[in-house]
$ cat target-v4.tsv   # TSV, C-alpha atoms
chain	number	residue	atom	x	y	z
A	12	MET	CA	33.60	80.91	10.53
A	13	LYS	CA	33.98	78.13	8.02
A	14	ILE	CA	36.58	75.62	9.22
A	15	SER	CA	38.23	73.04	7.00
A	16	VAL	CA	40.31	70.22	8.46
A	17	LEU	CA	42.82	68.90	5.91
A	18	GLY	CA	43.47	65.28	6.79
A	19	ALA	CA	40.91	62.71	7.95
A	20	GLY	CA	43.23	60.52	10.02
A	21	ALA	CA	43.44	60.05	13.78
A	22	ILE	CA	43.92	63.71	14.74
A	23	GLY	CA	42.14	65.35	11.81
A	24	GLY	CA	39.06	63.19	12.20
A	25	LEU	CA	38.91	63.71	15.95
A	26	VAL	CA	39.35	67.49	15.70
A	27	ALA	CA	36.81	67.85	12.90
A	28	GLY	CA	34.29	65.63	14.67
A	29	TYR	CA	34.44	67.39	18.03
A	30	LEU	CA	34.34	70.88	16.51
A	31	LYS	CA	31.36	69.89	14.39
A	32	ASN	CA	29.68	68.35	17.42
A	33	CYS	CA	30.03	71.72	19.18
A	34	GLY	CA	28.11	73.43	16.40
A	35	GLN	CA	30.98	74.77	14.30
A	36	ASP	CA	30.71	74.92	10.49
A	37	VAL	CA	33.29	72.23	9.67
A	38	SER	CA	34.25	70.28	6.57
A	39	LEU	CA	36.79	67.47	6.37
A	40	VAL	CA	39.19	66.90	3.47
A	41	GLY	CA	40.62	63.40	3.15
A	42	HIS	CA	41.53	60.46	0.96
A	43	PRO	CA	38.74	58.96	-1.16
A	44	ASP	CA	38.29	55.94	1.13
A	45	ALA	CA	37.72	58.20	4.15
A	46	VAL	CA	35.46	60.55	2.21
A	47	SER	CA	33.31	57.64	1.04
A	48	ALA	CA	33.02	56.06	4.50
A	49	ILE	CA	32.19	59.34	6.27
A	50	SER	CA	29.74	60.49	3.60
A	51	THR	CA	27.93	57.16	3.78
A	52	GLY	CA	27.98	56.27	7.46
A	53	GLY	CA	29.12	59.39	9.32
A	54	LEU	CA	32.30	59.94	11.33
A	55	LYS	CA	32.40	57.42	14.19
A	56	ILE	CA	34.36	58.36	17.32
A	57	SER	CA	34.59	56.22	20.45
A	58	GLY	CA	36.73	56.25	23.58
A	59	ALA	CA	37.40	59.00	26.10
A	60	ARG	CA	34.15	60.93	25.56
A	61	GLY	CA	31.88	58.03	24.69
A	62	ASP	CA	30.47	56.97	21.33
A	63	LEU	CA	29.54	59.52	18.67
A	64	ASN	CA	28.39	59.27	15.08
A	65	ILE	CA	28.76	62.69	13.52
A	66	ALA	CA	27.35	63.80	10.18
A	67	ILE	CA	30.00	65.99	8.58
A	68	LYS	CA	30.75	67.14	5.04
A	69	ALA	CA	33.72	65.16	3.70
A	70	LEU	CA	35.47	66.08	0.46
A	71	PRO	CA	38.56	64.97	-1.51
A	72	ARG	CA	39.71	68.60	-1.75
A	73	LEU	CA	38.56	72.11	-0.91
A	74	VAL	CA	35.78	73.66	-3.00
A	75	GLU	CA	35.57	77.01	-1.17
A	76	LYS	CA	37.73	79.30	0.94
A	77	PRO	CA	37.60	78.58	4.71
A	78	GLY	CA	38.24	81.18	7.38
A	79	LEU	CA	40.41	78.64	9.21
A	80	ALA	CA	42.23	75.62	7.82
A	81	ILE	CA	43.57	73.04	10.26
A	82	LEU	CA	46.41	71.10	8.66
A	83	ALA	CA	46.24	67.55	10.02
A	84	VAL	CA	48.21	65.55	7.45
A	85	LYS	CA	51.68	64.14	8.18
A	86	THR	CA	54.62	66.49	7.65
A	87	GLN	CA	55.75	64.64	4.53
A	88	ASP	CA	52.30	65.18	2.97
A	89	ILE	CA	52.13	68.96	3.47
A	90	ASP	CA	53.55	69.83	0.05
A	91	GLY	CA	51.01	67.64	-1.72
A	92	VAL	CA	47.93	68.83	0.15
A	93	LEU	CA	49.01	72.48	-0.22
A	94	ARG	CA	49.48	72.14	-3.98
A	95	ASP	CA	46.05	70.51	-4.32
A	96	ASN	CA	44.22	73.17	-2.30
A	97	LEU	CA	46.33	76.31	-2.50
A	98	GLU	CA	43.84	78.36	-4.53
A	99	TYR	CA	41.48	78.38	-1.51
A	100	LEU	CA	44.11	78.99	1.17
A	101	HIS	CA	45.55	82.41	0.36
A	102	ASP	CA	44.80	84.85	3.20
A	103	THR	CA	43.38	82.00	5.30
A	104	VAL	CA	44.64	81.32	8.81
A	105	LEU	CA	46.37	77.91	8.82
A	106	LEU	CA	46.95	75.93	12.00
A	107	THR	CA	49.65	73.24	11.93
A	108	THR	CA	49.27	70.16	14.14
A	109	GLN	CA	52.22	68.03	13.02
A	110	ASN	CA	54.77	66.30	15.22
A	111	GLY	CA	58.34	67.52	14.86
A	112	VAL	CA	59.40	71.11	14.18
A	113	GLN	CA	59.51	71.40	10.38
A	114	ALA	CA	55.82	71.80	9.42
A	115	ASP	CA	55.62	75.58	9.81
A	116	TYR	CA	58.79	76.09	7.77
A	117	ILE	CA	57.47	73.91	4.94
A	118	LEU	CA	54.15	75.75	5.02
A	119	SER	CA	55.92	79.12	4.82
A	120	LYS	CA	56.97	78.29	1.25
A	121	TYR	CA	53.31	78.64	0.24
A	122	ILE	CA	51.59	80.85	2.83
A	123	SER	CA	52.41	84.21	4.42
A	124	THR	CA	53.98	83.57	7.83
A	125	GLU	CA	51.52	86.08	9.30
A	126	ASN	CA	48.76	83.51	8.66
A	127	ILE	CA	50.60	80.50	10.14
A	128	ILE	CA	49.80	79.45	13.70
A	129	SER	CA	51.54	76.45	15.22
A	130	SER	CA	50.15	73.92	17.67
A	131	ILE	CA	51.01	70.88	19.74
A	132	VAL	CA	48.42	68.17	20.22
A	133	MET	CA	48.73	66.55	23.64
A	134	PHE	CA	45.61	64.37	23.34
A	135	ALA	CA	45.81	61.02	21.57
A	136	SER	CA	43.65	59.09	19.16
A	137	THR	CA	43.89	55.98	17.00
A	138	TYR	CA	42.73	55.56	13.41
A	139	LEU	CA	41.00	52.19	13.17
A	140	GLU	CA	39.74	52.37	9.59
A	141	PRO	CA	38.29	55.05	7.28
A	142	GLY	CA	35.69	56.99	9.26
A	143	ARG	CA	36.39	55.24	12.60
A	144	ILE	CA	38.57	56.73	15.34
A	145	VAL	CA	39.25	55.92	18.99
A	146	HIS	CA	39.91	58.87	21.28
A	147	ASN	CA	42.47	57.40	23.68
A	148	PHE	CA	42.86	60.23	26.17
A	149	ASP	CA	42.06	63.89	26.63
A	150	ARG	CA	44.74	66.51	27.22
A	151	SER	CA	45.40	70.05	26.11
A	152	TRP	CA	45.90	71.63	22.71
A	153	ILE	CA	48.72	74.20	22.79
A	154	ILE	CA	48.83	77.02	20.24
A	155	GLY	CA	51.45	79.67	19.54
A	156	ARG	CA	53.55	81.30	16.86
A	157	ILE	CA	56.95	80.33	15.52
A	158	PHE	CA	56.83	83.36	13.21
A	159	PRO	CA	55.85	86.87	14.37
A	160	GLY	CA	52.18	87.72	13.90
A	161	ASP	CA	48.99	89.29	15.17
A	162	ALA	CA	48.26	88.23	18.75
A	163	GLN	CA	44.55	88.86	18.17
A	164	LYS	CA	44.38	86.00	15.66
A	165	LEU	CA	45.81	83.70	18.31
A	166	GLU	CA	43.14	84.72	20.81
A	167	GLU	CA	40.36	84.32	18.22
A	168	LEU	CA	41.62	80.83	17.41
A	169	LYS	CA	41.79	79.91	21.09
A	170	SER	CA	38.16	80.93	21.58
A	171	ILE	CA	37.08	78.65	18.72
A	172	LEU	CA	39.11	75.60	19.67
A	173	SER	CA	38.25	75.95	23.37
A	174	GLN	CA	34.68	74.97	22.59
A	175	ALA	CA	35.89	71.42	21.95
A	176	PHE	CA	39.29	71.09	23.70
A	177	PRO	CA	41.22	72.56	26.63
A	178	VAL	CA	43.50	75.09	24.90
A	179	ALA	CA	46.65	76.80	26.18
A	180	THR	CA	48.79	79.44	24.48
A	181	SER	CA	52.58	79.49	24.52
A	182	ASN	CA	55.19	82.19	24.00
A	183	ASN	CA	57.84	79.52	23.33
A	184	ILE	CA	56.09	76.95	21.20
A	185	LEU	CA	59.29	76.01	19.36
A	186	GLY	CA	60.92	74.95	22.64
A	187	MET	CA	57.77	72.98	23.44
A	188	LYS	CA	57.77	71.34	20.01
A	189	TYR	CA	61.33	70.16	20.51
A	190	LEU	CA	60.30	68.64	23.84
A	191	LYS	CA	57.38	66.94	22.06
A	192	VAL	CA	59.96	65.38	19.71
A	193	PHE	CA	61.30	63.59	22.80
A	194	VAL	CA	57.76	62.50	23.77
A	195	ASN	CA	57.20	61.04	20.29
A	196	SER	CA	60.71	59.67	19.74
A	197	THR	CA	60.15	56.39	21.60
A	198	ASN	CA	57.21	55.57	19.31
A	199	CYS	CA	59.76	54.35	16.76
A	200	LEU	CA	60.09	51.21	18.90
A	201	LEU	CA	56.39	50.39	18.48
A	202	ALA	CA	56.83	50.67	14.73
A	203	ILE	CA	59.92	48.47	14.71
A	204	LEU	CA	58.30	45.79	16.89
A	205	GLY	CA	54.77	46.12	15.49
A	206	VAL	CA	53.12	46.22	18.92
A	207	SER	CA	51.13	48.63	21.06
A	208	MET	CA	52.69	51.05	23.52
A	209	GLN	CA	51.38	48.95	26.40
A	210	GLU	CA	53.00	45.79	25.03
A	211	ALA	CA	56.30	47.40	24.11
A	212	PHE	CA	56.86	49.29	27.34
A	213	ALA	CA	55.85	46.46	29.63
A	214	ASP	CA	59.31	45.13	28.71
A	215	LEU	CA	62.09	46.80	30.69
A	216	ASP	CA	64.72	46.09	28.01
A	217	VAL	CA	62.65	48.11	25.53
A	218	CYS	CA	62.23	50.85	28.13
A	219	LYS	CA	66.03	51.02	28.49
A	220	VAL	CA	66.28	51.67	24.75
A	221	SER	CA	63.76	54.50	25.18
A	222	ILE	CA	65.88	56.13	27.85
A	223	ALA	CA	68.93	55.78	25.58
A	224	ILE	CA	67.03	57.57	22.80
A	225	TRP	CA	66.37	60.44	25.20
A	226	LYS	CA	69.98	60.54	26.42
A	227	GLU	CA	71.32	60.83	22.91
A	228	GLY	CA	68.67	63.41	21.98
A	229	LEU	CA	69.41	65.48	25.07
A	230	GLY	CA	73.11	65.57	24.24
A	231	ILE	CA	72.27	66.78	20.73
A	232	VAL	CA	69.87	69.56	21.71
A	233	ASN	CA	72.31	70.76	24.34
A	234	LYS	CA	75.15	70.83	21.80
A	235	ALA	CA	72.88	72.68	19.35
A	236	ARG	CA	71.87	75.11	22.12
A	237	VAL	CA	68.19	74.34	21.67
A	238	ARG	CA	66.26	75.34	24.77
A	239	LEU	CA	63.53	72.87	25.71
A	240	PHE	CA	60.38	74.32	27.24
A	241	SER	CA	58.01	72.37	29.51
A	242	LEU	CA	54.67	71.09	28.24
A	243	PRO	CA	51.53	70.95	30.36
A	244	ASP	CA	51.68	67.67	32.31
A	245	PHE	CA	55.17	66.97	30.89
A	246	PRO	CA	57.95	69.13	32.33
A	247	VAL	CA	61.46	69.12	30.91
A	248	GLU	CA	62.54	67.49	34.18
A	249	ASN	CA	60.82	64.27	33.07
A	250	ILE	CA	63.61	63.92	30.53
A	251	THR	CA	66.54	65.22	32.57
A	252	LYS	CA	65.72	63.29	35.74
A	253	LEU	CA	65.00	59.95	34.05
A	254	THR	CA	68.15	60.11	31.94
A	255	ASN	CA	70.25	60.71	35.07
A	256	LEU	CA	68.87	57.75	37.05
A	257	PRO	CA	70.37	54.22	36.95
A	258	SER	CA	68.97	52.41	33.91
A	259	GLU	CA	67.00	49.80	35.89
A	260	GLN	CA	65.28	52.47	37.94
A	261	SER	CA	64.53	54.78	35.02
A	262	ALA	CA	63.21	51.87	32.94
A	263	LYS	CA	60.74	50.88	35.67
A	264	ILE	CA	59.47	54.44	36.06
A	265	PHE	CA	59.17	54.88	32.29
A	266	SER	CA	57.29	51.58	31.99
A	267	GLY	CA	54.79	52.58	34.66
A	268	ILE	CA	54.05	55.89	32.96
A	269	MET	CA	53.71	54.58	29.42
A	270	THR	CA	51.66	51.45	30.11
A	271	SER	CA	49.02	53.40	32.03
A	272	LEU	CA	48.30	56.14	29.50
A	273	SER	CA	45.22	54.55	27.94
A	274	ARG	CA	42.83	51.65	28.49
A	275	GLU	CA	42.66	51.19	24.72
A	276	PRO	CA	45.80	50.04	22.85
A	277	LEU	CA	48.02	52.95	21.78
A	278	TYR	CA	50.06	52.48	18.62
A	279	GLY	CA	51.59	55.89	17.99
A	280	SER	CA	51.48	57.82	14.75
A	281	ILE	CA	54.47	56.05	13.18
A	282	LEU	CA	53.06	52.54	13.48
A	283	GLN	CA	49.57	53.73	12.52
A	284	SER	CA	50.95	55.03	9.22
A	285	ILE	CA	52.77	51.74	8.56
A	286	LYS	CA	49.61	49.73	9.27
A	287	ARG	CA	47.81	51.88	6.70
A	288	GLY	CA	50.53	51.25	4.12
A	289	ARG	CA	51.69	54.87	4.12
A	290	PRO	CA	55.07	56.49	4.79
A	291	SER	CA	55.58	57.46	8.41
A	292	GLU	CA	56.84	60.72	9.89
A	293	ILE	CA	59.96	59.07	11.33
A	294	ASP	CA	62.30	61.48	9.48
A	295	TYR	CA	60.70	64.38	11.36
A	296	ILE	CA	60.90	62.75	14.79
A	297	ASN	CA	63.98	60.58	15.39
A	298	GLY	CA	65.32	61.93	12.12
A	299	GLU	CA	65.12	65.42	13.61
A	300	PHE	CA	67.80	64.45	16.13
A	301	SER	CA	70.00	63.32	13.23
A	302	ARG	CA	69.36	66.53	11.28
A	303	LEU	CA	70.16	68.67	14.32
A	304	ALA	CA	73.30	66.65	15.05
A	305	LYS	CA	74.63	67.33	11.55
A	306	GLU	CA	73.98	71.05	11.98
A	307	CYS	CA	76.14	71.21	15.10
A	308	ASP	CA	78.85	68.72	14.02
A	309	GLY	CA	77.49	66.07	16.38
A	310	ALA	CA	76.35	62.50	15.93
A	311	ALA	CA	73.13	60.58	16.60
A	312	PRO	CA	74.05	56.94	15.82
A	313	LEU	CA	71.21	55.35	17.83
A	314	ASN	CA	68.49	57.56	16.37
A	315	GLU	CA	69.94	57.15	12.87
A	316	LYS	CA	69.91	53.37	13.27
A	317	LEU	CA	66.33	53.31	14.57
A	318	THR	CA	65.18	55.62	11.77
A	319	GLY	CA	66.70	53.23	9.23
A	320	MET	CA	64.99	50.26	10.90
A	321	VAL	CA	61.61	51.98	10.65
A	322	HIS	CA	62.22	52.65	6.95
A	323	LEU	CA	63.06	48.97	6.51
A	324	VAL	CA	59.76	47.99	8.14
A	325	GLU	CA	57.97	50.42	5.82
A	326	LYS	CA	59.66	48.84	2.80
A	327	THR	CA	59.32	45.16	3.71
A	328	GLY	CA	56.25	45.06	5.95
A	329	LYS	CA	58.24	42.81	8.32
A	330	PHE	CA	58.58	43.75	11.98
A	331	PHE	CA	61.59	42.96	14.15
A	332	SER	CA	61.51	40.76	17.24
A	333	LYS	CA	62.78	42.25	20.49
A	334	GLU	CA	65.89	40.10	20.22
A	335	GLU	CA	66.56	41.34	16.68
A	336	LEU	CA	66.07	44.93	17.80
A	337	LEU	CA	68.57	44.58	20.66
A	338	ARG	CA	71.05	42.85	18.38
A	339	GLU	CA	70.80	45.61	15.77
A	340	ILE	CA	71.48	48.39	18.27
A	341	LYS	CA	74.11	46.56	20.31
A	342	GLY	CA	76.81	48.98	21.37
A	343	LEU	CA	74.58	52.02	20.88
A	344	VAL	CA	72.59	51.72	24.13

$ encode --input "target-v4.tsv" --output "structure tokens"
Amino acid sequence: MKISVLGAGAIGGLVAGYLKNCGQDVSLVGHPDAVSAISTGGLKISGARGDLNIAIKALPRLVEKPGLAILAVKTQDIDGVLRDNLEYLHDTVLLTTQNGVQADYILSKYISTENIISSIVMFASTYLEPGRIVHNFDRSWIIGRIFPGDAQKLEELKSILSQAFPVATSNNILGMKYLKVFVNSTNCLLAILGVSMQEAFADLDVCKVSIAIWKEGLGIVNKARVRLFSLPDFPVENITKLTNLPSEQSAKIFSGIMTSLSREPLYGSILQSIKRGRPSEIDYINGEFSRLAKECDGAAPLNEKLTGMVHLVEKTGKFFSKEELLREIKGLV
């Protein structure tokens, strides 16, 4: 099967590189700077599985119809990449990898829902520069369907992806994706402060803000009657138990978990986009809490404030100090 990965960033590059390294017929579609770097010097991956330099076909857009397209651009870029490549994607199975819960619904405007398979990426990687990626840690890749469809396609996809990653299937991937919103929601603080996960969450005051993000989010999903579903290695109880502990205790536990995730600095997808001068996916992560709150006549003042602060960093290129952050959200935590 011909596989095309649309998006040559942290996840797209890693997925394309490992599948190619396993012998799959893979091409990678990306921005011109990534295409040039990969075509000239190969795709360089370091980190969890050692150092690799993988020769892979890199293109600015599709030139033939793949049997499987893996959509690895940010949610806000889906419309653009679909318009550019749609002629080769009809009747192709498309796998979404985006954070948040909106990607499949956006894709359904262009593609039959029968051909849309959703996924949650639990492994992490960092985009250093065009053609260079650090694989921070290895965890599972979860696949499932938000829309009804052929179960056989899901099994066929699992057999392909399992050659390069541990793959699990889910009968409630939407509930898992909402839980992943919680996992990703504290990354807004890295983007606001301009620091790594290890630096940010070594500070207990910042960890307390993270717990407050979760508390507000949990109130919203409960009001909206959204059922969260446990992820491998991250049960729903991680959220419910930490948000019910005294703030000092929960902050210390949260700090210990987050600072030990990777030996290499972790920056999160939001800050990585800002460092590359591109819009982040903040509206589909913390902004998802705000959207959901409006649907159920609720409120998400902390997440709305943090979303606005990330947009300000995107606009000005100026990060906030910890003191400025705490001052801006005073009364919301």

$ atom_distance --input "target-v4.tsv" --atom1 "CA of Lys120 (chain A)" --atom2 "CA of Ala27 (chain A)"
25.5 Å

$ axis_aligned_box --input "target-v4.tsv" --around "region 212-226 of chain A" --padding-each-side "6 Å" --output "AutoDock Vina command-line options"
--center_x 62.9 --center_y 52.8 --center_z 26.7 --size_x 26.1 --size_y 27.4 --size_z 19.9

$ atom_distance --input "target-v4.tsv" --atom1 "CA of Lys219 (chain A)" --atom2 "CA of Ile131 (chain A)"
26.4 Å

$ closest_residue --input "target-v4.tsv" --among "A:Ala66, A:Leu256, A:Ala80, A:Leu190" --to "Arg238 (chain A)" --atoms "only C-alpha atoms"
A:Leu190

$ residues_around --input "target-v4.tsv" --residues "Val40 (chain A)" --least-positions-apart "6" --cutoff "6 Å" --atoms "only C-alpha atoms" --output "CSV table (one decimal) with C-alpha atoms, in the coordinates of the input"
chain,number,residue,atom,x,y,z
A,17,LEU,CA,42.8,68.9,5.9
A,18,GLY,CA,43.5,65.3,6.8
A,69,ALA,CA,33.7,65.2,3.7
A,70,LEU,CA,35.5,66.1,0.5
A,71,PRO,CA,38.6,65.0,-1.5
A,72,ARG,CA,39.7,68.6,-1.8

$ residues_around --input "target-v4.tsv" --residues "region 320-333 of chain A" --least-positions-apart "2" --cutoff "6 Å" --atoms "only C-alpha atoms" --output "ChimeraX atom specification"
/A:203-205,317-318,335-336

$ closest_residue --input "target-v4.tsv" --among "A:Ala19, A:Leu79, A:Gly28, A:Leu105" --to "Pro43 (chain A)" --atoms "all atoms listed in the file"
A:Ala19

$ atom_distance --input "target-v4.tsv" --atom1 "CA of Leu63 (chain A)" --atom2 "CA of Gly24 (chain A)"
12.1 Å

$ residues_around --input "target-v4.tsv" --residues "Ala304 (chain A)" --least-positions-apart "3" --cutoff "9 Å" --atoms "all atoms listed in the file" --output "list in words"
Gly228, Ile231, Val232, Lys234, Ala235, Glu299, Phe300, Ser301, Cys307, Asp308, Gly309, Ala310 and Ala311 of chain A

$ residues_near_point --input "target-v4.tsv" --point "(54.8, 55.3, 13.4)" --cutoff "6 Å" --atoms "all atoms listed in the file" --output "PyMOL selection string"
chain A and resi 202+279-284+291

$ write_last_selection --input "target-v4.tsv" --atoms "C-alpha atoms" --output "PDB file, in the frame of the given file"
ATOM      1  CA  ALA A 202      56.830  50.670  14.730  1.00  0.00           C
ATOM      2  CA  GLY A 279      51.590  55.890  17.990  1.00  0.00           C
ATOM      3  CA  SER A 280      51.480  57.820  14.750  1.00  0.00           C
ATOM      4  CA  ILE A 281      54.470  56.050  13.180  1.00  0.00           C
ATOM      5  CA  LEU A 282      53.060  52.540  13.480  1.00  0.00           C
ATOM      6  CA  GLN A 283      49.570  53.730  12.520  1.00  0.00           C
ATOM      7  CA  SER A 284      50.950  55.030   9.220  1.00  0.00           C
ATOM      8  CA  SER A 291      55.580  57.460   8.410  1.00  0.00           C
TER       9      SER A 291
END

$ residues_around --input "target-v4.tsv" --residues "Ile56 (chain A)" --least-positions-apart "5" --cutoff "10 Å" --atoms "only C-alpha atoms" --output "ChimeraX atom specification"
/A:21,24-25,28-29,61-65,136-139,142-146

$ write_last_selection --input "target-v4.tsv" --atoms "C-alpha atoms" --output "mmCIF file, in the frame of the given file"
data_model
loop_
_atom_site.group_PDB
_atom_site.id
_atom_site.type_symbol
_atom_site.label_atom_id
_atom_site.label_comp_id
_atom_site.auth_asym_id
_atom_site.auth_seq_id
_atom_site.Cartn_x
_atom_site.Cartn_y
_atom_site.Cartn_z
ATOM 1 C CA ALA A 21 43.440 60.050 13.780
ATOM 2 C CA GLY A 24 39.060 63.190 12.200
ATOM 3 C CA LEU A 25 38.910 63.710 15.950
ATOM 4 C CA GLY A 28 34.290 65.630 14.670
ATOM 5 C CA TYR A 29 34.440 67.390 18.030
ATOM 6 C CA GLY A 61 31.880 58.030 24.690
ATOM 7 C CA ASP A 62 30.470 56.970 21.330
ATOM 8 C CA LEU A 63 29.540 59.520 18.670
ATOM 9 C CA ASN A 64 28.390 59.270 15.080
ATOM 10 C CA ILE A 65 28.760 62.690 13.520
ATOM 11 C CA SER A 136 43.650 59.090 19.160
ATOM 12 C CA THR A 137 43.890 55.980 17.000
ATOM 13 C CA TYR A 138 42.730 55.560 13.410
ATOM 14 C CA LEU A 139 41.000 52.190 13.170
ATOM 15 C CA GLY A 142 35.690 56.990 9.260
ATOM 16 C CA ARG A 143 36.390 55.240 12.600
ATOM 17 C CA ILE A 144 38.570 56.730 15.340
ATOM 18 C CA VAL A 145 39.250 55.920 18.990
ATOM 19 C CA HIS A 146 39.910 58.870 21.280
#

$ closest_residue --input "target-v4.tsv" --among "A:Leu303, A:Ile171, A:Leu277, A:Val344" --to "Cys218 (chain A)" --atoms "all atoms listed in the file"
A:Val344

$ residues_near_point --input "target-v4.tsv" --point "(65.1, 74.2, 17.2)" --cutoff "8 Å" --atoms "only C-alpha atoms" --output "list in words"
Val112, Leu185, Gly186, Tyr189, Val237 and Arg238 of chain A

$ closest_residue --input "target-v4.tsv" --among "A:Ile122, A:Ile117, A:Val46, A:Ala83" --to "Leu97 (chain A)" --atoms "only C-alpha atoms"
A:Ile122

$ build_atoms --input "target-v4.tsv" --residues "region 191-204 of chain A" --atoms "N, CA and C atoms" --output "tab-separated table (two decimals), in the frame of the given file"
chain	number	residue	atom	x	y	z
A	191	LYS	N	58.34	67.93	22.58
A	191	LYS	CA	57.38	66.94	22.06
A	191	LYS	C	58.08	65.93	21.15
A	192	VAL	N	59.17	66.35	20.49
A	192	VAL	CA	59.96	65.38	19.71
A	192	VAL	C	60.44	64.26	20.63
A	193	PHE	N	60.89	64.61	21.84
A	193	PHE	CA	61.30	63.59	22.80
A	193	PHE	C	60.12	62.69	23.16
A	194	VAL	N	58.96	63.28	23.42
A	194	VAL	CA	57.76	62.50	23.77
A	194	VAL	C	57.45	61.48	22.68
A	195	ASN	N	57.54	61.91	21.42
A	195	ASN	CA	57.20	61.04	20.29
A	195	ASN	C	58.32	60.10	19.88
A	196	SER	N	59.56	60.40	20.28
A	196	SER	CA	60.71	59.67	19.74
A	196	SER	C	60.72	58.19	20.10
A	197	THR	N	60.14	57.80	21.22
A	197	THR	CA	60.15	56.39	21.60
A	197	THR	C	59.10	55.58	20.83
A	198	ASN	N	58.22	56.28	20.11
A	198	ASN	CA	57.21	55.57	19.31
A	198	ASN	C	57.84	54.79	18.15
A	199	CYS	N	59.09	55.11	17.81
A	199	CYS	CA	59.76	54.35	16.76
A	199	CYS	C	59.86	52.87	17.15
A	200	LEU	N	59.95	52.59	18.44
A	200	LEU	CA	60.09	51.21	18.90
A	200	LEU	C	58.81	50.41	18.67
A	201	LEU	N	57.66	51.06	18.79
A	201	LEU	CA	56.39	50.39	18.48
A	201	LEU	C	56.35	50.00	17.00
A	202	ALA	N	56.84	50.93	16.17
A	202	ALA	CA	56.83	50.67	14.73
A	202	ALA	C	57.81	49.57	14.34
A	203	ILE	N	58.93	49.50	15.01
A	203	ILE	CA	59.92	48.47	14.71
A	203	ILE	C	59.43	47.09	15.16
A	204	LEU	N	58.78	47.06	16.32
A	204	LEU	CA	58.30	45.79	16.89
A	204	LEU	C	56.91	45.41	16.42
